[in-house]
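Engineer: Below you'll find work12.pdb; it's PDB, C-alpha atoms.
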```
ATOM      1  CA  MET B 310       0.000   0.000   0.000
ATOM      2  CA  SER B 311       1.069   3.594  -0.387
ATOM      3  CA  ASN B 312       1.122   4.047   3.389
ATOM      4  CA  SER B 313       4.710   3.674   4.613
ATOM      5  CA  ASP B 314       3.314   1.986   7.736
ATOM      6  CA  ALA B 315       2.209  -1.000   5.673
ATOM      7  CA  GLY B 316       1.026  -3.736   7.985
ATOM      8  CA  PRO B 317       1.493  -7.478   8.149
ATOM      9  CA  ALA B 318      -0.373  -9.592   5.659
ATOM     10  CA  HIS B 319      -3.510 -10.810   7.385
ATOM     11  CA  LYS B 320      -6.809 -11.819   5.868
ATOM     12  CA  ASN B 321      -9.715  -9.786   7.160
ATOM     13  CA  PRO B 322     -12.440 -11.923   8.722
ATOM     14  CA  GLU B 323     -15.860 -12.275   7.192
ATOM     15  CA  PRO B 324     -18.464 -10.150   9.006
ATOM     16  CA  MET B 325     -20.604 -12.073  11.476
ATOM     17  CA  ALA B 326     -23.937 -11.230  13.089
ATOM     18  CA  ALA B 327     -25.630 -11.905  16.410
ATOM     19  CA  ALA B 328     -28.940 -11.043  18.079
ATOM     20  CA  ILE B 329     -27.992  -8.633  20.868
ATOM     21  CA  GLY B 330     -31.014  -7.202  22.656
ATOM     22  CA  ASP B 331     -33.073  -5.304  20.087
ATOM     23  CA  LEU B 332     -30.220  -5.380  17.557
ATOM     24  CA  THR B 333     -28.845  -7.616  14.900
ATOM     25  CA  MET B 334     -25.245  -6.656  15.587
ATOM     26  CA  HIS B 335     -22.629  -7.229  12.906
ATOM     27  CA  TYR B 336     -18.994  -7.599  13.900
ATOM     28  CA  LEU B 337     -15.538  -8.627  12.726
ATOM     29  CA  ASP B 338     -13.692 -11.255  14.767
ATOM     30  CA  TRP B 339     -10.016 -11.886  13.993
ATOM     31  CA  GLY B 340     -10.175 -14.970  16.228
ATOM     32  CA  GLY B 341      -7.400 -16.809  17.993
ATOM     33  CA  ASP B 342      -6.806 -17.958  21.548
ATOM     34  CA  GLY B 343      -5.183 -14.765  22.830
ATOM     35  CA  PRO B 344      -6.697 -12.367  25.357
ATOM     36  CA  PRO B 345      -9.806 -10.666  23.940
ATOM     37  CA  VAL B 346      -9.819  -7.068  22.772
ATOM     38  CA  LEU B 347     -13.134  -5.317  22.064
ATOM     39  CA  ALA B 348     -12.583  -2.505  19.542
ATOM     40  CA  LEU B 349     -15.254   0.221  19.346
ATOM     41  CA  HIS B 350     -15.356   2.581  16.358
ATOM     42  CA  GLY B 351     -16.149   6.285  16.177
ATOM     43  CA  LEU B 352     -19.225   8.255  15.182
ATOM     44  CA  ALA B 353     -20.615   7.570  11.692
ATOM     45  CA  SER B 354     -17.925   4.910  11.271
ATOM     46  CA  SER B 355     -17.952   1.092  11.474
ATOM     47  CA  GLY B 356     -16.025  -1.824  12.924
ATOM     48  CA  HIS B 357     -14.089  -1.933   9.661
ATOM     49  CA  TRP B 358     -12.165   1.130  10.893
ATOM     50  CA  TYR B 359      -9.898  -1.375  12.677
ATOM     51  CA  ARG B 360      -8.922  -3.317   9.554
ATOM     52  CA  ARG B 361      -5.472  -1.704   9.360
ATOM     53  CA  LEU B 362      -4.800  -1.868  13.099
ATOM     54  CA  ALA B 363      -6.140  -5.317  13.992
ATOM     55  CA  PRO B 364      -3.569  -7.353  11.982
ATOM     56  CA  TYR B 365      -0.807  -5.906  14.176
ATOM     57  CA  LEU B 366      -2.598  -7.264  17.254
ATOM     58  CA  ALA B 367      -4.152 -10.445  15.836
ATOM     59  CA  GLY B 368      -2.343 -13.651  16.723
ATOM     60  CA  ASP B 369      -1.439 -12.519  20.223
ATOM     61  CA  TYR B 370      -4.876 -11.025  20.853
ATOM     62  CA  ARG B 371      -8.384 -11.858  19.719
ATOM     63  CA  VAL B 372      -9.691  -8.600  18.278
ATOM     64  CA  VAL B 373     -13.466  -8.160  17.924
ATOM     65  CA  ALA B 374     -14.791  -4.993  16.256
ATOM     66  CA  PRO B 375     -18.582  -4.526  16.133
ATOM     67  CA  ASP B 376     -20.691  -2.112  14.145
ATOM     68  CA  GLN B 377     -22.356  -0.242  16.979
ATOM     69  CA  ARG B 378     -26.042   0.616  17.182
ATOM     70  CA  GLY B 379     -27.174   2.533  14.084
ATOM     71  CA  HIS B 380     -23.816   2.088  12.353
ATOM     72  CA  GLY B 381     -22.506  -0.110   9.566
ATOM     73  CA  ALA B 382     -24.639  -3.197   9.000
ATOM     74  CA  THR B 383     -26.096  -3.239  12.519
ATOM     75  CA  THR B 384     -29.769  -2.438  13.102
ATOM     76  CA  GLN B 385     -30.861   1.163  12.552
ATOM     77  CA  ALA B 386     -32.445   1.473  15.991
ATOM     78  CA  GLY B 387     -34.486   4.625  16.483
ATOM     79  CA  ALA B 388     -33.437   4.966  20.133
ATOM     80  CA  GLY B 389     -30.808   3.751  22.570
ATOM     81  CA  TYR B 390     -27.967   6.192  21.937
ATOM     82  CA  ASP B 391     -27.520   6.921  25.634
ATOM     83  CA  TRP B 392     -24.361   5.671  27.359
ATOM     84  CA  GLN B 393     -26.114   3.013  29.422
ATOM     85  CA  THR B 394     -27.738   1.338  26.417
ATOM     86  CA  LEU B 395     -24.590   1.550  24.305
ATOM     87  CA  ALA B 396     -22.589  -0.026  27.136
ATOM     88  CA  GLU B 397     -25.218  -2.763  27.461
ATOM     89  CA  ASP B 398     -24.929  -3.432  23.723
ATOM     90  CA  ALA B 399     -21.193  -4.053  24.186
ATOM     91  CA  VAL B 400     -21.766  -6.289  27.208
ATOM     92  CA  GLY B 401     -24.349  -8.213  25.212
ATOM     93  CA  LEU B 402     -21.785  -8.945  22.512
ATOM     94  CA  LEU B 403     -19.218 -10.038  25.105
ATOM     95  CA  ASP B 404     -21.833 -12.358  26.619
ATOM     96  CA  HIS B 405     -22.670 -13.773  23.185
ATOM     97  CA  LEU B 406     -18.989 -14.505  22.581
ATOM     98  CA  GLY B 407     -18.492 -16.008  26.030
ATOM     99  CA  ILE B 408     -16.006 -13.304  27.008
ATOM    100  CA  GLU B 409     -16.114 -12.404  30.697
ATOM    101  CA  ARG B 410     -13.479  -9.669  30.624
ATOM    102  CA  ALA B 411     -11.767  -7.868  27.761
ATOM    103  CA  ALA B 412      -9.362  -5.073  27.045
ATOM    104  CA  VAL B 413     -11.351  -2.343  25.310
ATOM    105  CA  LEU B 414     -10.266   0.081  22.607
ATOM    106  CA  GLY B 415     -12.393   3.073  21.651
ATOM    107  CA  HIS B 416     -11.682   5.455  18.790
ATOM    108  CA  SER B 417     -13.180   8.970  18.841
ATOM    109  CA  TRP B 418     -16.847   8.700  19.957
ATOM    110  CA  GLY B 419     -16.096   5.026  20.573
ATOM    111  CA  GLY B 420     -13.760   6.247  23.314
ATOM    112  CA  HIS B 421     -16.754   7.796  25.049
ATOM    113  CA  VAL B 422     -18.684   4.529  24.728
ATOM    114  CA  ALA B 423     -15.642   2.607  25.987
ATOM    115  CA  SER B 424     -15.144   4.835  29.043
ATOM    116  CA  ASN B 425     -18.816   4.506  29.920
ATOM    117  CA  LEU B 426     -18.553   0.737  29.514
ATOM    118  CA  ALA B 427     -15.625   0.751  31.949
ATOM    119  CA  MET B 428     -17.477   3.022  34.383
ATOM    120  CA  ARG B 429     -20.772   1.111  34.336
ATOM    121  CA  PHE B 430     -19.415  -2.439  34.013
ATOM    122  CA  PRO B 431     -15.909  -2.237  35.511
ATOM    123  CA  HIS B 432     -15.664  -5.995  36.026
ATOM    124  CA  ARG B 433     -15.948  -6.528  32.255
ATOM    125  CA  VAL B 434     -13.051  -4.239  31.243
ATOM    126  CA  GLY B 435      -9.471  -5.198  32.057
ATOM    127  CA  ARG B 436      -7.667  -2.252  30.461
ATOM    128  CA  LEU B 437      -8.980   0.710  28.507
ATOM    129  CA  THR B 438      -7.376   2.482  25.549
ATOM    130  CA  LEU B 439      -8.951   5.689  24.244
ATOM    131  CA  ILE B 440      -7.726   6.348  20.695
ATOM    132  CA  ASP B 441      -7.978  10.095  20.137
ATOM    133  CA  GLY B 442     -11.370  10.019  21.782
ATOM    134  CA  GLY B 443     -13.300   9.988  25.013
ATOM    135  CA  PHE B 444     -12.042  13.469  25.915
ATOM    136  CA  GLN B 445     -14.151  15.670  23.581
ATOM    137  CA  ASP B 446     -15.890  17.810  26.210
ATOM    138  CA  GLY B 447     -18.277  20.563  25.118
ATOM    139  CA  GLY B 448     -17.740  22.382  28.396
ATOM    140  CA  LEU B 449     -14.101  22.979  27.446
ATOM    141  CA  MET B 450     -14.808  24.493  24.032
ATOM    142  CA  PRO B 451     -14.004  28.192  23.489
ATOM    143  CA  THR B 452     -17.761  28.800  23.353
ATOM    144  CA  PRO B 453     -19.122  26.195  25.776
ATOM    145  CA  THR B 454     -22.728  26.208  24.589
ATOM    146  CA  TRP B 455     -24.978  23.473  23.259
ATOM    147  CA  GLU B 456     -25.362  25.250  19.931
ATOM    148  CA  ALA B 457     -21.591  25.577  19.432
ATOM    149  CA  PHE B 458     -21.099  21.937  20.408
ATOM    150  CA  ARG B 459     -23.875  20.778  18.084
ATOM    151  CA  GLN B 460     -22.377  22.704  15.177
ATOM    152  CA  ARG B 461     -18.827  21.489  15.901
ATOM    153  CA  LEU B 462     -19.931  17.835  15.816
ATOM    154  CA  ALA B 463     -22.543  18.172  13.067
ATOM    155  CA  PRO B 464     -22.727  15.343  10.525
ATOM    156  CA  ARG B 465     -19.806  15.461   8.106
ATOM    157  CA  PRO B 466     -20.562  16.564   4.548
ATOM    158  CA  VAL B 467     -21.226  13.351   2.629
ATOM    159  CA  ALA B 468     -22.418  14.178  -0.838
ATOM    160  CA  GLY B 469     -21.941  13.320  -4.457
ATOM    161  CA  THR B 470     -21.752  10.038  -6.275
ATOM    162  CA  ARG B 471     -19.711   7.083  -5.057
ATOM    163  CA  ALA B 472     -16.823   8.119  -7.297
ATOM    164  CA  GLU B 473     -16.966  11.730  -6.087
ATOM    165  CA  TYR B 474     -17.140  10.662  -2.441
ATOM    166  CA  LEU B 475     -14.110   8.395  -2.761
ATOM    167  CA  SER B 476     -12.207  10.979  -4.778
ATOM    168  CA  ARG B 477     -12.581  13.544  -1.987
ATOM    169  CA  LEU B 478     -11.424  11.054   0.620
ATOM    170  CA  ALA B 479      -8.462  10.012  -1.515
ATOM    171  CA  ALA B 480      -7.406  13.661  -1.809
ATOM    172  CA  ASN B 481      -7.793  14.320   1.931
ATOM    173  CA  LEU B 482      -5.945  11.131   2.883
ATOM    174  CA  SER B 483      -3.447  11.077   0.023
ATOM    175  CA  PHE B 484      -0.534  10.413   2.413
ATOM    176  CA  CYS B 485      -2.031   7.069   3.534
ATOM    177  CA  TRP B 486      -4.643   6.220   0.886
ATOM    178  CA  ASP B 487      -4.987   2.819  -0.742
ATOM    179  CA  ASP B 488      -7.776   0.568  -1.976
ATOM    180  CA  ASP B 489      -8.384  -0.843   1.486
ATOM    181  CA  LEU B 490      -9.399   2.601   2.780
ATOM    182  CA  ALA B 491     -11.911   2.890  -0.040
ATOM    183  CA  GLU B 492     -13.434  -0.431   1.054
ATOM    184  CA  ILE B 493     -13.476   0.685   4.699
ATOM    185  CA  ALA B 494     -15.061   4.044   3.865
ATOM    186  CA  LEU B 495     -17.866   2.392   1.915
ATOM    187  CA  THR B 496     -18.955   0.460   5.025
ATOM    188  CA  MET B 497     -19.955   3.777   6.618
ATOM    189  CA  VAL B 498     -22.222   5.138   3.884
ATOM    190  CA  TYR B 499     -24.903   3.996   1.474
ATOM    191  CA  GLU B 500     -25.972   4.970  -2.012
ATOM    192  CA  GLY B 501     -29.463   6.411  -2.241
ATOM    193  CA  ASP B 502     -31.940   5.900  -5.037
ATOM    194  CA  ASP B 503     -30.791   9.264  -6.387
ATOM    195  CA  GLY B 504     -27.245   7.945  -6.857
ATOM    196  CA  GLN B 505     -25.927  10.152  -4.042
ATOM    197  CA  MET B 506     -24.013   8.927  -0.981
ATOM    198  CA  TYR B 507     -25.355   9.299   2.576
ATOM    199  CA  ASP B 508     -24.119   8.438   6.065
ATOM    200  CA  ILE B 509     -25.552   5.169   7.351
ATOM    201  CA  LEU B 510     -25.968   6.841  10.748
ATOM    202  CA  ARG B 511     -29.296   8.627  10.344
ATOM    203  CA  PRO B 512     -29.480  12.343  11.234
ATOM    204  CA  ASP B 513     -32.012  11.759  14.038
ATOM    205  CA  ASN B 514     -29.739   9.164  15.606
ATOM    206  CA  HIS B 515     -26.693  11.397  15.193
ATOM    207  CA  ALA B 516     -28.625  14.089  17.071
ATOM    208  CA  GLN B 517     -29.342  11.658  19.922
ATOM    209  CA  VAL B 518     -25.632  10.861  20.168
ATOM    210  CA  LEU B 519     -24.756  14.551  20.491
ATOM    211  CA  GLU B 520     -27.402  15.080  23.167
ATOM    212  CA  THR B 521     -25.846  12.251  25.173
ATOM    213  CA  MET B 522     -22.316  13.591  24.719
ATOM    214  CA  TRP B 523     -23.416  17.048  25.841
ATOM    215  CA  GLY B 524     -25.558  15.864  28.755
ATOM    216  CA  GLU B 525     -23.021  13.384  30.195
ATOM    217  CA  PRO B 526     -19.587  14.710  29.189
ATOM    218  CA  PRO B 527     -16.159  13.285  30.048
ATOM    219  CA  SER B 528     -15.893  15.608  33.051
ATOM    220  CA  LEU B 529     -18.654  13.539  34.684
ATOM    221  CA  VAL B 530     -17.629  10.116  33.402
ATOM    222  CA  LEU B 531     -13.827   9.909  33.532
ATOM    223  CA  PRO B 532     -13.439  10.568  37.299
ATOM    224  CA  GLN B 533     -15.497   7.396  37.852
ATOM    225  CA  VAL B 534     -13.341   5.192  35.588
ATOM    226  CA  THR B 535     -10.992   3.199  37.836
ATOM    227  CA  THR B 536      -9.826   0.825  35.079
ATOM    228  CA  PRO B 537      -6.190   1.379  34.006
ATOM    229  CA  THR B 538      -6.565   3.743  31.063
ATOM    230  CA  LEU B 539      -4.320   4.962  28.269
ATOM    231  CA  VAL B 540      -5.295   7.961  26.170
ATOM    232  CA  VAL B 541      -3.513   7.853  22.800
ATOM    233  CA  ALA B 542      -3.775  11.355  21.376
ATOM    234  CA  ALA B 543      -3.047  12.442  17.813
ATOM    235  CA  GLY B 544      -0.415  15.138  17.619
ATOM    236  CA  PRO B 545      -1.149  17.485  14.715
ATOM    237  CA  ARG B 546       0.493  17.309  11.330
ATOM    238  CA  PRO B 547       2.668  20.364  10.599
ATOM    239  CA  ASP B 548      -0.106  22.187   8.722
ATOM    240  CA  ARG B 549      -2.338  22.056  11.826
ATOM    241  CA  ALA B 550       0.269  22.673  14.515
ATOM    242  CA  ASN B 551      -0.357  25.656  16.804
ATOM    243  CA  SER B 552      -3.875  26.139  15.455
ATOM    244  CA  GLN B 553      -6.663  27.061  17.870
ATOM    245  CA  PHE B 554      -8.170  23.615  17.252
ATOM    246  CA  SER B 555      -4.910  21.876  18.210
ATOM    247  CA  ARG B 556      -4.458  23.978  21.326
ATOM    248  CA  GLN B 557      -8.019  23.259  22.401
ATOM    249  CA  ARG B 558      -7.452  19.543  21.968
ATOM    250  CA  GLU B 559      -4.371  19.773  24.194
ATOM    251  CA  ILE B 560      -6.563  21.343  26.876
ATOM    252  CA  MET B 561      -9.129  18.558  26.581
ATOM    253  CA  VAL B 562      -6.496  15.817  26.683
ATOM    254  CA  ALA B 563      -4.880  17.371  29.770
ATOM    255  CA  ALA B 564      -8.286  17.590  31.448
ATOM    256  CA  ALA B 565      -8.925  13.909  30.701
ATOM    257  CA  GLU B 566      -5.563  12.899  32.138
ATOM    258  CA  ALA B 567      -6.248  14.909  35.289
ATOM    259  CA  ALA B 568      -9.758  13.450  35.642
ATOM    260  CA  LEU B 569      -8.783   9.786  35.264
ATOM    261  CA  PRO B 570      -7.906   8.176  38.624
ATOM    262  CA  ASN B 571      -5.683   5.604  36.904
ATOM    263  CA  GLY B 572      -4.828   7.053  33.514
ATOM    264  CA  ARG B 573      -2.032   8.474  31.434
ATOM    265  CA  VAL B 574      -1.517   9.977  27.971
ATOM    266  CA  HIS B 575       0.690   9.039  25.035
ATOM    267  CA  TRP B 576       0.933  11.420  22.075
ATOM    268  CA  ILE B 577       1.632  10.098  18.571
ATOM    269  CA  ALA B 578       3.326  12.909  16.684
ATOM    270  CA  GLU B 579       2.323  14.343  13.316
ATOM    271  CA  THR B 580      -0.715  12.250  12.530
ATOM    272  CA  ILE B 581      -4.459  12.598  12.070
ATOM    273  CA  HIS B 582      -7.558  11.821  14.091
ATOM    274  CA  ASP B 583      -7.784   8.482  12.261
ATOM    275  CA  ILE B 584      -4.451   7.268  13.643
ATOM    276  CA  GLY B 585      -5.401   3.724  12.697
ATOM    277  CA  TYR B 586      -5.347   4.710   9.028
ATOM    278  CA  ASP B 587      -2.147   6.729   9.130
ATOM    279  CA  LYS B 588       0.126   4.979  11.647
ATOM    280  CA  PRO B 589      -1.423   1.624  12.565
ATOM    281  CA  GLY B 590       1.916  -0.013  13.365
ATOM    282  CA  GLU B 591       2.979   2.726  15.765
ATOM    283  CA  LEU B 592      -0.466   2.780  17.354
ATOM    284  CA  ALA B 593      -0.445  -0.998  17.777
ATOM    285  CA  ALA B 594       2.989  -0.898  19.416
ATOM    286  CA  VAL B 595       1.728   1.605  21.984
ATOM    287  CA  ILE B 596      -1.370  -0.503  22.660
ATOM    288  CA  ARG B 597       0.663  -3.710  22.943
ATOM    289  CA  GLU B 598       3.015  -2.156  25.488
ATOM    290  CA  PHE B 599       0.073  -0.952  27.579
ATOM    291  CA  LEU B 600      -1.815  -4.252  27.434
ATOM    292  CA  ALA B 601       1.322  -6.170  28.384
ATOM    293  CA  GLU B 602       1.377  -4.299  31.694
ATOM    294  CA  GLY B 603      -1.840  -6.062  32.660
TER
END
```
Turn this file's structure into structure tokens for me.
Structural biologist:
Amino acid sequence: MSNSDAGPAHKNPEPMAAAIGDLTMHYLDWGGDGPPVLALHGLASSGHWYRRLAPYLAGDYRVVAPDQRGHGATTQAGAGYDWQTLAEDAVGLLDHLGIERAAVLGHSWGGHVASNLAMRFPHRVGRLTLIDGGFQDGGLMPTPTWEAFRQRLAPRPVAGTRAEYLSRLAANLSFCWDDDLAEIALTMVYEGDDGQMYDILRPDNHAQVLETMWGEPPSLVLPQVTTPTLVVAAGPRPDRANSQFSRQREIMVAAAEAALPNGRVHWIAETIHDIGYDKPGELAAVIREFLAEG
């Protein structure tokens, strides 16, 4: 692949499905006899986000990456985007797989779900890794209002035909783009009858997610997470360094580190929010070192 952090050759598993509460939950399971790792994706994403990262962990760990409620191929539930229900969805999958306790990864919004899982079901989470997520706190924004928060996390602009959609992504991710990212990206959207692309996560459900994030922010959740926690934060690429956005993220990451009773931060330099696309090998090495401590 064009990415210099090309990973080990590893066949991606076929998606599987299970009845979990009111959902038909789809998930990827890299299998094996190693300690289990539950990998939770970000907002408007899918379990396929982990397809570059998981091969670095597979073999020594059993990586399971579900499509969460309303995402990917999982049921488009009209409700249940509160932290308690999302955590129960994850526990339901662990129960289905016969996994009593797992290390949990959470990217972006998935970091918020993961921290709530650890807070609400601490006996099910051995170690917690928040991948550039779980610390996005509306109360720490320059304008700490609901309207500013809602606009900052509004649905991304997904428009145009399939070819146009992929062309934009390829341009934005030119430094790490390859055919596998096109396949991953297409698990997060669908083509409408009009030939245009749309997020699989419906706008009403996206709105419910934001209401939950605003109403129960990290400042309330993280102080109650006693599980050993690693926050892996994305240091900005040179074109974003010293921007207001980057400085604000540093504030949020520092607040998360201070709030966590048993947490620490590791910065990966000069990358993007989707660290798993850009530097999966480096990210995996950091995760491996942390999990080995357990």
Engineer: Extract, using only C-alpha atoms, all DNA, RNA and protein residues at most 10 Å from Gln393 of chain B, discarding same-chain residues fewer than 5 positions from it, and format them as a ChimeraX atom specification.
Structural biologist: /B:398,422,425-426,428-430
Engineer: Excluding Asn481 of chain B and its own-chain neighbours fewer than 3 positions away, which residues fall within 12 Å of it when counting all atoms listed in the file? Please give them as a list in words.
Structural biologist: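 That gives Tyr474, Leu475, Ser476, Arg477, Leu478, Phe484, Cys485, Trp486, Leu490, Ile581, Asp583 and Asp587 of chain B.
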Engineer: Could those selected residues go to a file with C-alpha atoms, as a CSV table (one decimal), in the frame of the given file?
Structural biologist:
```csv
chain,number,residue,atom,x,y,z
B,474,TYR,CA,-17.1,10.7,-2.4
B,475,LEU,CA,-14.1,8.4,-2.8
B,476,SER,CA,-12.2,11.0,-4.8
B,477,ARG,CA,-12.6,13.5,-2.0
B,478,LEU,CA,-11.4,11.1,0.6
B,484,PHE,CA,-0.5,10.4,2.4
B,485,CYS,CA,-2.0,7.1,3.5
B,486,TRP,CA,-4.6,6.2,0.9
B,490,LEU,CA,-9.4,2.6,2.8
B,581,ILE,CA,-4.5,12.6,12.1
B,583,ASP,CA,-7.8,8.5,12.3
B,587,ASP,CA,-2.1,6.7,9.1
```
Engineer: What's around segment 561-575 of chain B at 9 Å? Count only C-alpha atoms, leave out sequence neighbours fewer than 2 positions away in its own chain, and write the answer as a PyMOL selection string.
Structural biologist: chain B and resi 441+443-446+449-450+527-543+556-559+577+595
Engineer: Export, as a PDB file, keeping the file's coordinate frame, the selected residues with C-alpha atoms.
Structural biologist:
```pdb
ATOM      1  CA  ASP B 441      -7.978  10.095  20.137  1.00  0.00           C
ATOM      2  CA  GLY B 443     -13.300   9.988  25.013  1.00  0.00           C
ATOM      3  CA  PHE B 444     -12.042  13.469  25.915  1.00  0.00           C
ATOM      4  CA  GLN B 445     -14.151  15.670  23.581  1.00  0.00           C
ATOM      5  CA  ASP B 446     -15.890  17.810  26.210  1.00  0.00           C
ATOM      6  CA  LEU B 449     -14.101  22.979  27.446  1.00  0.00           C
ATOM      7  CA  MET B 450     -14.808  24.493  24.032  1.00  0.00           C
ATOM      8  CA  PRO B 527     -16.159  13.285  30.048  1.00  0.00           C
ATOM      9  CA  SER B 528     -15.893  15.608  33.051  1.00  0.00           C
ATOM     10  CA  LEU B 529     -18.654  13.539  34.684  1.00  0.00           C
ATOM     11  CA  VAL B 530     -17.629  10.116  33.402  1.00  0.00           C
ATOM     12  CA  LEU B 531     -13.827   9.909  33.532  1.00  0.00           C
ATOM     13  CA  PRO B 532     -13.439  10.568  37.299  1.00  0.00           C
ATOM     14  CA  GLN B 533     -15.497   7.396  37.852  1.00  0.00           C
ATOM     15  CA  VAL B 534     -13.341   5.192  35.588  1.00  0.00           C
ATOM     16  CA  THR B 535     -10.992   3.199  37.836  1.00  0.00           C
ATOM     17  CA  THR B 536      -9.826   0.825  35.079  1.00  0.00           C
ATOM     18  CA  PRO B 537      -6.190   1.379  34.006  1.00  0.00           C
ATOM     19  CA  THR B 538      -6.565   3.743  31.063  1.00  0.00           C
ATOM     20  CA  LEU B 539      -4.320   4.962  28.269  1.00  0.00           C
ATOM     21  CA  VAL B 540      -5.295   7.961  26.170  1.00  0.00           C
ATOM     22  CA  VAL B 541      -3.513   7.853  22.800  1.00  0.00           C
ATOM     23  CA  ALA B 542      -3.775  11.355  21.376  1.00  0.00           C
ATOM     24  CA  ALA B 543      -3.047  12.442  17.813  1.00  0.00           C
ATOM     25  CA  ARG B 556      -4.458  23.978  21.326  1.00  0.00           C
ATOM     26  CA  GLN B 557      -8.019  23.259  22.401  1.00  0.00           C
ATOM     27  CA  ARG B 558      -7.452  19.543  21.968  1.00  0.00           C
ATOM     28  CA  GLU B 559      -4.371  19.773  24.194  1.00  0.00           C
ATOM     29  CA  ILE B 577       1.632  10.098  18.571  1.00  0.00           C
ATOM     30  CA  VAL B 595       1.728   1.605  21.984  1.00  0.00           C
TER      31      VAL B 595
END
```
Engineer: Just give me the gap between atom CA of Glu500 of chain B and atom CA of Pro322 of chain B in Å, one decimal is fine.
Structural biologist: 24.2 Å
Engineer: Just need the box for segment 424-436 of chain B, edges along x, y and z, holding every atom the file lists for it with 5 Å tacked onto each side, so centre and edge lengths in Å to one decimal, as lines of an AutoDock Vina configuration file.
Structural biologist:
```
center_x = -14.2
center_y = -0.8
center_z = 32.5
size_x = 23.1
size_y = 21.4
size_z = 17.0
```
Engineer: I'd like the contact shell of Thr521 of chain B - 10 Å cut-off, all atoms listed in the file, skipping same-chain residues fewer than 5 positions apart - returned as a VMD selection string.
Structural biologist: chain B and resid 390 to 392 516 526
Engineer: Kindly resolve the PyMOL selection byres ((chain B and resi 435) around 6) on the present coordinates and return the residues as a short mmCIF file (atom, residue, chain, number, x, y, z; two decimals) with C-alpha atoms, keeping the file's coordinate frame.
Structural biologist:
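So expr-v4.cif came out as:
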```cif
data_model
loop_
_atom_site.label_atom_id
_atom_site.label_comp_id
_atom_site.auth_asym_id
_atom_site.auth_seq_id
_atom_site.Cartn_x
_atom_site.Cartn_y
_atom_site.Cartn_z
CA ALA B 411 -11.77 -7.87 27.76
CA ALA B 412 -9.36 -5.07 27.04
CA VAL B 434 -13.05 -4.24 31.24
CA ARG B 436 -7.67 -2.25 30.46
#
```
Engineer: Residues picked by the PyMOL selection byres ((chain B and resi 383) around 12) here, as a PyMOL selection string?
Structural biologist: chain B and resi 324-337+354-356+375-382+384-386+398+496-497+509-510
Engineer: Leaving out Leu347 of chain B and any residue of its chain fewer than 4 positions from it, which residues lie within 10 Å of it when counting all atoms listed in the file, given as a VMD selection string?
Structural biologist: chain B and resid 338 371 to 375 399 402 to 403 408 410 to 415 423 434 437
Engineer: Go through B:Ala363, B:Ala463, B:Leu352, B:Ala396 and flag the residue nearest Trp339 of chain B, using only C-alpha atoms for the distances.
Structural biologist: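 For Trp339 of chain B, the nearest of the candidates is B:Ala363.
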Engineer: Given only C-alpha atoms as the basis, pick out the residue of B:Leu349, B:Leu366, B:Leu519, B:Ile493 nearest to Tyr586 of chain B.
Structural biologist: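 Among the listed residues, B:Ile493 lies closest to Tyr586 of chain B.
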Engineer: Using Å and a single decimal, report how far atom CA of Phe599 of chain B sits from atom CA of Arg433 of chain B.
Structural biologist: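 Taking atom CA of Arg433 of chain B and atom CA of Phe599 of chain B, their separation equals 17.6 Å.
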Engineer: Just to confirm, what's the straight-line distance from atom CA of Gly448 of chain B to atom CA of Ile596 of chain B in Å (one decimal)?
Structural biologist: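 We find that atom CA of Gly448 of chain B and atom CA of Ile596 of chain B lie 28.7 Å from each other.
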Engineer: Step by step, work through what the PyMOL selection byres ((chain B and resi 368) around 12) selects in the shown file, and finish by giving those residues as number ranges by chain.
Structural biologist: B: 317-320, 338-346, 363-367, 369-372
